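Undergrad: Coordinates in structure_1.json, JSON, C-alpha atoms, are listed below.
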[["chain", "number", "residue", "atom", "x", "y", "z"],
["A", 1231, "MET", "CA", 104.17, 122.58, 94.96],
["A", 1232, "PRO", "CA", 107.10, 124.77, 93.95],
["A", 1233, "GLY", "CA", 106.57, 123.30, 90.52],
["A", 1234, "TYR", "CA", 108.17, 124.50, 87.36],
["A", 1235, "PRO", "CA", 109.10, 128.03, 88.59],
["A", 1236, "GLY", "CA", 111.02, 126.39, 91.43],
["A", 1237, "TYR", "CA", 112.83, 124.15, 88.97],
["A", 1238, "LEU", "CA", 113.89, 127.17, 86.90],
["A", 1239, "LEU", "CA", 115.45, 128.68, 90.05],
["A", 1240, "TRP", "CA", 116.99, 125.41, 91.25],
["A", 1241, "PRO", "CA", 120.42, 125.75, 89.52],
["A", 1242, "ASP", "CA", 121.03, 129.09, 91.30],
["A", 1243, "THR", "CA", 119.83, 127.96, 94.72],
["A", 1244, "ASP", "CA", 122.53, 127.60, 97.39],
["A", 1245, "LEU", "CA", 120.32, 126.89, 100.41],
["A", 1246, "LEU", "CA", 116.99, 125.08, 100.60],
["A", 1247, "ILE", "CA", 114.81, 125.24, 103.72],
["A", 1248, "GLY", "CA", 112.20, 122.48, 103.76],
["A", 1249, "ILE", "CA", 109.29, 123.25, 106.10],
["A", 1250, "GLY", "CA", 107.12, 120.25, 106.93],
["A", 1251, "THR", "CA", 107.67, 118.66, 103.53],
["A", 1252, "ARG", "CA", 109.02, 115.38, 102.16],
["A", 1253, "LEU", "CA", 110.85, 117.45, 99.52],
["A", 1254, "GLU", "CA", 109.54, 115.22, 96.76],
["A", 1255, "MET", "CA", 109.96, 117.79, 94.01],
["A", 1256, "PRO", "CA", 113.63, 118.77, 94.45],
["A", 1257, "TYR", "CA", 115.00, 115.40, 95.53],
["A", 1258, "MET", "CA", 112.78, 112.91, 93.73],
["A", 1259, "ARG", "CA", 112.00, 114.83, 90.54],
["A", 1260, "TRP", "CA", 114.69, 117.47, 90.00],
["A", 1261, "SER", "CA", 117.78, 115.67, 91.31],
["A", 1262, "SER", "CA", 118.19, 112.74, 93.71],
["A", 1263, "PHE", "CA", 119.65, 111.66, 97.01],
["A", 1264, "ILE", "CA", 122.26, 109.04, 97.88],
["A", 1265, "GLU", "CA", 122.26, 107.07, 101.12],
["A", 1266, "ASN", "CA", 119.59, 109.33, 102.64],
["A", 1267, "ARG", "CA", 121.51, 112.49, 101.82],
["A", 1268, "PRO", "CA", 121.15, 115.01, 98.97],
["A", 1269, "ARG", "CA", 123.42, 114.30, 96.04],
["A", 1270, "PRO", "CA", 126.69, 116.31, 96.12],
["A", 1271, "GLY", "CA", 126.40, 119.56, 94.23],
["A", 1272, "THR", "CA", 122.83, 120.25, 95.31],
["A", 1273, "PRO", "CA", 122.03, 123.12, 97.73],
["A", 1274, "LYS", "CA", 122.71, 122.95, 101.43],
["A", 1275, "LEU", "CA", 119.60, 121.64, 103.17],
["A", 1276, "VAL", "CA", 117.84, 122.76, 106.35],
["A", 1277, "ARG", "CA", 114.76, 120.80, 107.40],
["A", 1278, "ILE", "CA", 112.09, 122.00, 109.82],
["A", 1279, "ASP", "CA", 109.76, 119.19, 110.84],
["A", 1280, "VAL", "CA", 107.83, 117.93, 113.85],
["A", 1281, "ASP", "CA", 108.63, 114.28, 112.98],
["A", 1282, "ALA", "CA", 112.10, 113.10, 113.98],
["A", 1283, "ALA", "CA", 111.90, 110.18, 111.54],
["A", 1284, "GLU", "CA", 111.97, 112.63, 108.64],
["A", 1285, "MET", "CA", 115.49, 113.68, 109.62],
["A", 1286, "THR", "CA", 116.73, 110.14, 109.04],
["A", 1287, "ARG", "CA", 114.75, 109.49, 105.84],
["A", 1288, "LEU", "CA", 116.48, 112.45, 104.19],
["A", 1289, "ARG", "CA", 119.31, 113.77, 106.31],
["A", 1290, "PRO", "CA", 119.77, 117.56, 106.15],
["A", 1291, "ASP", "CA", 122.84, 119.64, 106.87],
["A", 1292, "VAL", "CA", 120.88, 121.25, 109.71],
["A", 1293, "SER", "CA", 117.79, 119.75, 111.33],
["A", 1294, "VAL", "CA", 115.25, 121.79, 113.29],
["A", 1295, "LEU", "CA", 112.85, 119.52, 115.14],
["A", 1296, "GLY", "CA", 109.74, 121.35, 116.23],
["A", 1297, "ASP", "CA", 106.57, 123.19, 115.37],
["A", 1298, "ALA", "CA", 106.76, 124.85, 111.97],
["A", 1299, "ALA", "CA", 104.98, 128.05, 113.02],
["A", 1300, "GLN", "CA", 107.34, 128.68, 115.93],
["A", 1301, "ALA", "CA", 110.50, 127.70, 114.04],
["A", 1302, "VAL", "CA", 109.69, 129.78, 110.97],
["A", 1303, "GLY", "CA", 108.66, 132.73, 113.12],
["A", 1304, "ASP", "CA", 112.02, 132.65, 114.87],
["A", 1305, "LEU", "CA", 113.81, 132.31, 111.54],
["A", 1306, "VAL", "CA", 112.00, 135.27, 109.97],
["A", 1307, "ALA", "CA", 112.71, 137.42, 113.02],
["A", 1308, "SER", "CA", 116.40, 136.52, 112.79],
["A", 1309, "LEU", "CA", 116.54, 137.36, 109.09],
["A", 1310, "ARG", "CA", 114.94, 140.73, 109.72],
["A", 1311, "ARG", "CA", 117.53, 141.51, 112.41],
["A", 1312, "SER", "CA", 120.31, 140.55, 109.99],
["A", 1313, "GLY", "CA", 119.11, 143.10, 107.41],
["A", 1314, "VAL", "CA", 118.95, 140.56, 104.56],
["A", 1315, "GLY", "CA", 117.04, 142.09, 101.66],
["A", 1316, "ARG", "CA", 114.28, 140.32, 99.75],
["A", 1317, "LYS", "CA", 113.76, 142.45, 96.63],
["A", 1318, "GLN", "CA", 116.40, 140.72, 94.51],
["A", 1319, "TRP", "CA", 115.00, 137.26, 95.15],
["A", 1320, "GLY", "CA", 111.45, 138.58, 94.82],
["A", 1321, "ASP", "CA", 112.25, 139.85, 91.34],
["A", 1322, "ARG", "CA", 113.89, 136.56, 90.34],
["A", 1323, "ILE", "CA", 110.94, 134.54, 91.61],
["A", 1324, "ALA", "CA", 108.52, 136.76, 89.71],
["A", 1325, "ALA", "CA", 110.58, 136.35, 86.54],
["A", 1326, "ALA", "CA", 110.64, 132.55, 86.95],
["A", 1327, "LYS", "CA", 106.87, 132.47, 87.42],
["A", 1328, "HIS", "CA", 106.42, 134.58, 84.28],
["A", 1329, "THR", "CA", 108.67, 132.29, 82.23],
["A", 1330, "ALA", "CA", 106.95, 129.17, 83.55],
["A", 1331, "ARG", "CA", 103.55, 130.59, 82.73],
["A", 1332, "LYS", "CA", 104.57, 131.30, 79.12],
["A", 1333, "HIS", "CA", 105.89, 127.75, 78.74],
["A", 1334, "MET", "CA", 102.68, 126.29, 80.14],
["A", 1335, "GLU", "CA", 100.48, 128.48, 77.95],
["A", 1336, "ALA", "CA", 102.26, 127.04, 74.93],
["A", 1337, "ARG", "CA", 102.60, 123.41, 76.04],
["A", 1338, "LEU", "CA", 99.96, 122.55, 78.65],
["A", 1339, "GLN", "CA", 96.69, 122.85, 76.78],
["A", 1340, "PRO", "CA", 93.77, 122.49, 76.96],
["A", 1341, "GLN", "CA", 94.18, 121.85, 80.69],
["A", 1342, "LEU", "CA", 95.58, 125.29, 81.52],
["A", 1343, "GLY", "CA", 92.59, 126.97, 79.88],
["A", 1344, "PHE", "CA", 90.17, 125.00, 82.08],
["A", 1345, "LEU", "CA", 92.21, 125.76, 85.19],
["A", 1346, "ASP", "CA", 92.25, 129.47, 84.35],
["A", 1347, "VAL", "CA", 88.45, 129.47, 84.24],
["A", 1348, "ILE", "CA", 88.20, 127.72, 87.60],
["A", 1349, "ARG", "CA", 90.64, 130.19, 89.17],
["A", 1350, "GLU", "CA", 88.79, 133.14, 87.62],
["A", 1351, "LEU", "CA", 85.38, 132.09, 88.96],
["A", 1352, "LEU", "CA", 86.35, 130.84, 92.41],
["A", 1353, "PRO", "CA", 86.95, 133.40, 95.19],
["A", 1354, "PRO", "CA", 90.40, 133.35, 96.77],
["A", 1355, "ASP", "CA", 89.23, 130.99, 99.53],
["A", 1356, "GLY", "CA", 87.27, 128.68, 97.19],
["A", 1357, "ILE", "CA", 88.35, 125.07, 97.59],
["A", 1358, "VAL", "CA", 89.62, 122.84, 94.78],
["A", 1359, "VAL", "CA", 89.99, 119.10, 95.32],
["A", 1360, "GLU", "CA", 92.07, 117.59, 92.55],
["A", 1361, "GLU", "CA", 92.33, 113.92, 91.70],
["A", 1362, "LEU", "CA", 94.76, 111.89, 89.62],
["A", 1363, "SER", "CA", 93.92, 112.88, 86.05],
["A", 1364, "GLN", "CA", 95.52, 114.92, 83.32],
["A", 1365, "LEU", "CA", 93.64, 118.02, 84.52],
["A", 1366, "GLY", "CA", 94.49, 117.22, 88.13],
["A", 1367, "PHE", "CA", 98.19, 116.73, 87.37],
["A", 1368, "ALA", "CA", 98.23, 119.99, 85.43],
["A", 1369, "SER", "CA", 96.76, 121.77, 88.45],
["A", 1370, "TRP", "CA", 99.87, 120.84, 90.44],
["A", 1371, "ALA", "CA", 101.82, 123.22, 88.23],
["A", 1372, "GLY", "CA", 99.22, 125.51, 86.69],
["A", 1373, "TYR", "CA", 96.62, 126.36, 89.34],
["A", 1374, "PRO", "CA", 97.45, 129.37, 91.55],
["A", 1375, "VAL", "CA", 96.57, 128.69, 95.20],
["A", 1376, "LEU", "CA", 95.74, 132.00, 96.87],
["A", 1377, "ARG", "CA", 94.84, 130.94, 100.42],
["A", 1378, "PRO", "CA", 95.97, 128.21, 102.82],
["A", 1379, "ARG", "CA", 93.69, 125.15, 102.99],
["A", 1380, "SER", "CA", 92.05, 125.93, 99.66],
["A", 1381, "TYR", "CA", 93.66, 123.16, 97.58],
["A", 1382, "ILE", "CA", 93.40, 119.48, 98.52],
["A", 1383, "SER", "CA", 95.51, 116.88, 96.75],
["A", 1384, "ALA", "CA", 96.16, 113.16, 97.05],
["A", 1385, "GLY", "CA", 99.82, 114.10, 96.81],
["A", 1386, "ALA", "CA", 102.25, 111.20, 96.87],
["A", 1387, "GLN", "CA", 99.52, 108.76, 97.94],
["A", 1388, "GLY", "CA", 98.08, 108.67, 94.42],
["A", 1389, "THR", "CA", 94.64, 107.63, 95.60],
["A", 1390, "LEU", "CA", 92.41, 107.20, 92.57],
["A", 1391, "GLY", "CA", 88.78, 107.80, 93.45],
["A", 1392, "PHE", "CA", 89.23, 109.90, 96.59],
["A", 1393, "GLY", "CA", 88.30, 113.21, 94.95],
["A", 1394, "LEU", "CA", 84.51, 113.49, 94.95],
["A", 1395, "ALA", "CA", 84.04, 112.05, 98.45],
["A", 1396, "THR", "CA", 86.76, 114.33, 99.80],
["A", 1397, "ALA", "CA", 85.17, 117.35, 98.14],
["A", 1398, "LEU", "CA", 81.85, 116.52, 99.84],
["A", 1399, "GLY", "CA", 83.62, 116.47, 103.19],
["A", 1400, "ALA", "CA", 85.32, 119.79, 102.43],
["A", 1401, "LYS", "CA", 81.95, 121.35, 101.60],
["A", 1402, "VAL", "CA", 80.23, 120.00, 104.71],
["A", 1403, "GLY", "CA", 83.08, 121.41, 106.80],
["A", 1404, "ASN", "CA", 83.04, 124.74, 104.94],
["A", 1405, "PRO", "CA", 79.43, 125.33, 103.87],
["A", 1406, "ASP", "CA", 80.00, 129.00, 103.04],
["A", 1407, "ARG", "CA", 82.90, 128.34, 100.66],
["A", 1408, "PRO", "CA", 82.45, 127.04, 97.09],
["A", 1409, "VAL", "CA", 84.03, 123.65, 96.44],
["A", 1410, "VAL", "CA", 85.04, 122.25, 93.04],
["A", 1411, "SER", "CA", 86.10, 118.65, 92.46],
["A", 1412, "ILE", "CA", 88.39, 117.89, 89.49],
["A", 1413, "THR", "CA", 88.40, 114.25, 88.40],
["A", 1414, "GLY", "CA", 89.04, 112.05, 85.45],
["A", 1415, "ASP", "CA", 86.45, 109.56, 84.24],
["A", 1416, "GLY", "CA", 88.34, 106.60, 85.69],
["A", 1417, "GLY", "CA", 88.69, 108.21, 89.10],
["A", 1418, "LEU", "CA", 85.11, 109.45, 89.25],
["A", 1419, "MET", "CA", 83.75, 105.97, 88.54],
["A", 1420, "PHE", "CA", 85.45, 104.68, 91.71],
["A", 1421, "GLY", "CA", 83.07, 106.84, 93.77],
["A", 1422, "ILE", "CA", 80.29, 107.94, 91.43],
["A", 1423, "GLN", "CA", 77.70, 106.81, 94.01],
["A", 1424, "GLU", "CA", 78.66, 109.81, 96.13],
["A", 1425, "LEU", "CA", 76.48, 111.88, 93.79],
["A", 1426, "ALA", "CA", 73.58, 110.23, 95.63],
["A", 1427, "THR", "CA", 75.03, 111.48, 98.92],
["A", 1428, "ALA", "CA", 75.37, 114.98, 97.49],
["A", 1429, "ALA", "CA", 71.75, 114.97, 96.26],
["A", 1430, "GLU", "CA", 70.29, 113.48, 99.45],
["A", 1431, "TYR", "CA", 71.96, 115.99, 101.76],
["A", 1432, "GLY", "CA", 72.08, 118.97, 99.40],
["A", 1433, "ILE", "CA", 75.87, 119.21, 99.43],
["A", 1434, "GLY", "CA", 76.67, 121.85, 96.81],
["A", 1435, "VAL", "CA", 79.87, 120.48, 95.31],
["A", 1436, "VAL", "CA", 80.54, 121.08, 91.62],
["A", 1437, "ALA", "CA", 82.20, 117.99, 90.16],
["A", 1438, "ILE", "CA", 84.12, 118.48, 86.91],
["A", 1439, "VAL", "CA", 84.87, 115.21, 85.13],
["A", 1440, "VAL", "CA", 87.12, 114.92, 82.09],
["A", 1441, "ASN", "CA", 85.80, 112.10, 79.93],
["A", 1442, "ASN", "CA", 88.61, 110.88, 77.68],
["A", 1443, "GLY", "CA", 87.53, 107.25, 77.60],
["A", 1444, "GLY", "CA", 90.34, 105.74, 79.59],
["A", 1445, "TYR", "CA", 93.27, 106.04, 81.96],
["A", 1446, "ALA", "CA", 95.25, 108.64, 80.03],
["A", 1447, "ASN", "CA", 98.52, 108.24, 81.95],
["A", 1448, "VAL", "CA", 98.45, 104.46, 81.51],
["A", 1449, "ARG", "CA", 97.57, 104.85, 77.85],
["A", 1450, "ARG", "CA", 100.43, 107.30, 77.26],
["A", 1451, "ASP", "CA", 102.99, 105.13, 79.05],
["A", 1452, "GLN", "CA", 101.94, 102.06, 77.09],
["A", 1453, "THR", "CA", 101.99, 103.95, 73.80],
["A", 1454, "GLU", "CA", 105.42, 105.46, 74.37],
["A", 1455, "ARG", "CA", 107.15, 102.54, 76.09],
["A", 1456, "PHE", "CA", 105.52, 99.48, 74.53],
["A", 1457, "GLY", "CA", 105.26, 100.40, 70.87],
["A", 1458, "GLY", "CA", 101.64, 101.50, 71.00],
["A", 1459, "ARG", "CA", 100.41, 98.21, 72.48],
["A", 1460, "THR", "CA", 97.78, 99.11, 75.06],
["A", 1461, "TYR", "CA", 95.99, 96.92, 77.57],
["A", 1462, "GLY", "CA", 93.39, 97.95, 80.14],
["A", 1463, "ALA", "CA", 93.85, 101.64, 79.36],
["A", 1464, "ASP", "CA", 90.59, 102.23, 77.49],
["A", 1465, "PHE", "CA", 87.05, 101.68, 78.71],
["A", 1466, "ARG", "CA", 83.45, 102.57, 77.96],
["A", 1467, "ASN", "CA", 81.88, 105.21, 80.17],
["A", 1468, "PRO", "CA", 78.23, 105.55, 81.07],
["A", 1469, "ASP", "CA", 76.16, 108.44, 79.74],
["A", 1470, "PHE", "CA", 77.07, 111.01, 82.38],
["A", 1471, "ALA", "CA", 74.10, 113.22, 81.53],
["A", 1472, "LYS", "CA", 71.66, 110.38, 82.21],
["A", 1473, "LEU", "CA", 73.65, 109.34, 85.25],
["A", 1474, "ALA", "CA", 73.45, 112.83, 86.76],
["A", 1475, "ASP", "CA", 69.73, 112.96, 86.06],
["A", 1476, "GLY", "CA", 69.27, 109.57, 87.70],
["A", 1477, "PHE", "CA", 71.03, 110.80, 90.84],
["A", 1478, "GLY", "CA", 69.05, 114.05, 90.79],
["A", 1479, "VAL", "CA", 71.93, 116.47, 90.30],
["A", 1480, "ALA", "CA", 72.34, 119.22, 87.72],
["A", 1481, "TYR", "CA", 74.37, 118.44, 84.60],
["A", 1482, "ALA", "CA", 76.18, 120.51, 81.98],
["A", 1483, "ARG", "CA", 78.64, 119.68, 79.22],
["A", 1484, "ALA", "CA", 81.58, 121.97, 78.47],
["A", 1485, "ASP", "CA", 84.25, 120.71, 76.08],
["A", 1486, "THR", "CA", 86.17, 124.00, 75.89],
["A", 1487, "ALA", "CA", 87.34, 126.60, 78.38],
["A", 1488, "ALA", "CA", 84.89, 129.08, 76.84],
["A", 1489, "ALA", "CA", 82.01, 126.66, 77.41],
["A", 1490, "LEU", "CA", 83.16, 125.87, 80.95],
["A", 1491, "ARG", "CA", 82.88, 129.50, 82.07],
["A", 1492, "PRO", "CA", 79.05, 129.84, 81.96],
["A", 1493, "ALA", "CA", 78.52, 126.23, 83.07],
["A", 1494, "LEU", "CA", 80.70, 126.62, 86.14],
["A", 1495, "ALA", "CA", 79.39, 130.10, 86.92],
["A", 1496, "GLY", "CA", 75.83, 128.82, 86.91],
["A", 1497, "ALA", "CA", 76.64, 125.81, 89.07],
["A", 1498, "LEU", "CA", 78.51, 127.90, 91.63],
["A", 1499, "HIS", "CA", 75.66, 130.42, 91.77],
["A", 1500, "ALA", "CA", 73.12, 127.65, 92.39],
["A", 1501, "ASN", "CA", 75.22, 126.24, 95.27],
["A", 1502, "ALA", "CA", 73.70, 122.82, 94.62],
["A", 1503, "PRO", "CA", 75.20, 119.47, 93.57],
["A", 1504, "ALA", "CA", 76.27, 119.56, 89.93],
["A", 1505, "LEU", "CA", 78.24, 117.48, 87.43],
["A", 1506, "ILE", "CA", 80.05, 119.18, 84.53],
["A", 1507, "GLU", "CA", 81.42, 116.88, 81.84],
["A", 1508, "ILE", "CA", 84.37, 117.76, 79.59],
["A", 1509, "ARG", "CA", 84.70, 115.36, 76.66],
["A", 1510, "LEU", "CA", 88.11, 115.00, 75.08],
["A", 1511, "GLY", "CA", 89.53, 112.42, 72.71],
["A", 1512, "PRO", "CA", 92.48, 110.15, 73.54],
["A", 1513, "GLY", "CA", 95.65, 112.19, 73.26],
["A", 1514, "ASP", "CA", 93.87, 115.56, 73.16],
["A", 1515, "GLU", "CA", 95.50, 116.60, 76.45],
["A", 1516, "ALA", "CA", 99.14, 117.62, 76.59],
["A", 1517, "THR", "CA", 101.30, 115.64, 78.98],
["A", 1518, "PRO", "CA", 101.88, 117.62, 82.20],
["A", 1519, "TRP", "CA", 104.97, 115.66, 83.21],
["A", 1520, "PRO", "CA", 107.61, 117.96, 81.66],
["A", 1521, "PHE", "CA", 106.47, 120.54, 84.22],
["A", 1522, "LEU", "CA", 106.33, 118.11, 87.15],
["A", 1523, "HIS", "CA", 109.37, 115.94, 86.48],
["A", 1524, "PRO", "CA", 111.43, 118.10, 84.12],
["A", 1525, "ASN", "CA", 114.68, 116.15, 84.54],
["A", 1526, "GLY", "CA", 113.00, 113.16, 82.97],
["A", 1527, "PHE", "CA", 111.95, 114.92, 79.78],
["A", 1528, "ALA", "CA", 113.78, 116.50, 76.87],
["A", 1529, "GLY", "CA", 112.98, 120.00, 75.70],
["A", 1530, "LYS", "CA", 112.44, 121.36, 79.20]]
As structure tokens, what does this structure read like?

TA:
Amino acid sequence: MPGYPGYLLWPDTDLLIGIGTRLEMPYMRWSSFIENRPRPGTPKLVRIDVDAAEMTRLRPDVSVLGDAAQAVGDLVASLRRSGVGRKQWGDRIAAAKHTARKHMEARLQPQLGFLDVIRELLPPDGIVVEELSQLGFASWAGYPVLRPRSYISAGAQGTLGFGLATALGAKVGNPDRPVVSITGDGGLMFGIQELATAAEYGIGVVAIVVNNGGYANVRRDQTERFGGRTYGADFRNPDFAKLADGFGVAYARADTAAALRPALAGALHANAPALIEIRLGPGDEATPWPFLHPNGFAGK
């Protein structure tokens, strides 16, 4: 996702080229569209997509229907012939990334600390499969993706419980690349039985589960919008250490970024199924939404 650095550059953007994307961030989270067109005052829009239906769902100023690789290759070649420079924009993008990082360091903890450890220990082509959770949401904005096809997300589908099973598939398809699954406790419990699959077939996925005793997004929404009256947001988890042992997979607990570093390093080195539990209290995680939907929050 372009995320928060993209949002910081949005007011000075005069042309947006969307390549194979629904453009959720700029037109559903940063501004809006009216009657299938960008709202007046937003940048001119060019869309490159293989699906003709996309051009009617959000109508661009210029539509390019075709294969992204070919279309972008032609566009880059044309820009090079025109002599358009890139240093000025490169500097501005770097500055926006630096500013965004400082904001997240101050306001997106402890999730950013955990993500930094994962990024530090995984090689550039290591695969992360996020799932809907406070750590997963934070990864949308705070996890640097260094190679194509190394970050798998539910995206707009919002599929709770897909993470661990998807990570197993990613590992089977890429046995020489380390794979880390990031889940919340609610999401993991939708597919916890896949630990048995991992153990039976020796699929070396490292599953990181944040145990905060509930659906944190639901809990936050109910607290903020319904006067603190919560319903169905809190639940009792099993003992994940005993659960891992019962499935025959390695277990470690790491409640801080400092503790996660040796736990994750050991699990990755073993290249065997492992479950790492992070225990946090309700409300211990900062909300990631000011960095994902900044127009909807004050103090951005």

Undergrad: Quick check, in Å to one decimal: how far apart do atom CA of A:Gly1391 and atom CA of A:Tyr1373 lie?

TA: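 Atom-to-atom, atom CA of A:Gly1391 to atom CA of A:Tyr1373, that is 20.6 Å.
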
Undergrad: What separation in Å, quoted to one decimal, exists between atom CA of A:Met1419 and atom CA of A:Arg1337?

TA: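 Result for atom CA of A:Met1419 versus atom CA of A:Arg1337: 28.6 Å, one decimal.
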
Undergrad: With 5 Å on each side, where is the centre of the axis-aligned box around all listed atoms of stretch 1417-1424 of chain A, and how long are its edges in Å to one decimal, as AutoDock Vina command-line options?

TA:
--center_x 83.2 --center_y 107.2 --center_z 92.3 --size_x 21.0 --size_y 15.1 --size_z 17.6

Undergrad: Taking all atoms listed in the file into account, which of A:Arg1407, A:Arg1509, A:His1333, A:Lys1472 comes nearest A:Val1435?

TA: A:Arg1407

Undergrad: In Å, how far is it from atom CA of A:Pro1353 to atom CA of A:Gly1403?

TA: 17.1 Å

Undergrad: Might you pull out every residue within 10 Å of A:Ser1261, with all atoms listed in the file counted and same-chain residues fewer than 6 positions away left off, and present them as an MDAnalysis selection string?

TA: chainID A and resid 1240 1254:1255 1268:1269 1271:1272 1523:1526

Undergrad: Next, write the just-selected residues to a file, as a tab-separated table (two decimals), in the frame of the given file, keeping C-alpha atoms as the atom set.

TA:
chain	number	residue	atom	x	y	z
A	1240	TRP	CA	116.99	125.41	91.25
A	1254	GLU	CA	109.54	115.22	96.76
A	1255	MET	CA	109.96	117.79	94.01
A	1268	PRO	CA	121.15	115.01	98.97
A	1269	ARG	CA	123.42	114.30	96.04
A	1271	GLY	CA	126.40	119.56	94.23
A	1272	THR	CA	122.83	120.25	95.31
A	1523	HIS	CA	109.37	115.94	86.48
A	1524	PRO	CA	111.43	118.10	84.12
A	1525	ASN	CA	114.68	116.15	84.54
A	1526	GLY	CA	113.00	113.16	82.97

Undergrad: Have a look at A:Ser1262, A:Leu1338, A:Leu1510, A:Ala1502 and name the one nearest to A:Pro1405; count all atoms listed in the file.

TA: A:Ala1502

Undergrad: Give me the residues near A:Leu1505 as a PyMOL selection string, where near means some atom within 12 Å (using only C-alpha atoms) and where sequence neighbours in that chain fewer than 4 positions away do not count.

TA: chain A and resi 1394+1410-1413+1415+1418+1422+1424-1426+1428-1429+1434-1441+1470-1484+1490+1493-1494+1496-1498

Undergrad: Considering all atoms listed in the file, return as a PDB file with C-alpha atoms, in the coordinates of the input whatever protein or nucleic-acid residues lie within 9 Å of stretch 1320-1327 of chain A, sequence-local ones (same chain, fewer than 2 positions apart) excluded.

TA:
ATOM      1  CA  TYR A1234     108.170 124.500  87.360  1.00  0.00           C
ATOM      2  CA  PRO A1235     109.100 128.030  88.590  1.00  0.00           C
ATOM      3  CA  GLY A1236     111.020 126.390  91.430  1.00  0.00           C
ATOM      4  CA  TYR A1237     112.830 124.150  88.970  1.00  0.00           C
ATOM      5  CA  LEU A1238     113.890 127.170  86.900  1.00  0.00           C
ATOM      6  CA  LEU A1239     115.450 128.680  90.050  1.00  0.00           C
ATOM      7  CA  ARG A1316     114.280 140.320  99.750  1.00  0.00           C
ATOM      8  CA  LYS A1317     113.760 142.450  96.630  1.00  0.00           C
ATOM      9  CA  GLN A1318     116.400 140.720  94.510  1.00  0.00           C
ATOM     10  CA  THR A1329     108.670 132.290  82.230  1.00  0.00           C
ATOM     11  CA  ALA A1330     106.950 129.170  83.550  1.00  0.00           C
ATOM     12  CA  ARG A1331     103.550 130.590  82.730  1.00  0.00           C
ATOM     13  CA  LYS A1332     104.570 131.300  79.120  1.00  0.00           C
TER      14      LYS A1332
END

Undergrad: Could you give me, as a VMD selection string, the residues within 12 Å of A:Gly1414, counting all atoms listed in the file and dropping anything in the same chain fewer than 6 positions from it?

TA: chain A and resid 1360 to 1367 1390 to 1394 1420 to 1422 1437 to 1447 1467 1506 to 1510 1515

Undergrad: Using only C-alpha atoms for the distances, tell me which of A:Ala1371, A:Val1402, A:Ala1282, A:Val1276 is nearest to A:Gln1341.

TA: A:Ala1371

Undergrad: A:Met1285: which residues within 12 Å, counting all atoms listed in the file, same-chain residues fewer than 5 positions away excluded, as JSON, numbers by chain?

TA: {"A": [1248, 1249, 1250, 1251, 1252, 1253, 1266, 1267, 1275, 1276, 1277, 1278, 1279, 1280, 1290, 1291, 1292, 1293, 1294, 1295, 1296]}

Undergrad: Out of A:Ala1495, A:Ile1264, A:Ala1400, A:Ile1247, which residue has the shortest atom-to-atom distance to A:Leu1351 when counting all atoms listed in the file?

TA: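 So, comparing all the options, the nearest one is A:Ala1495.
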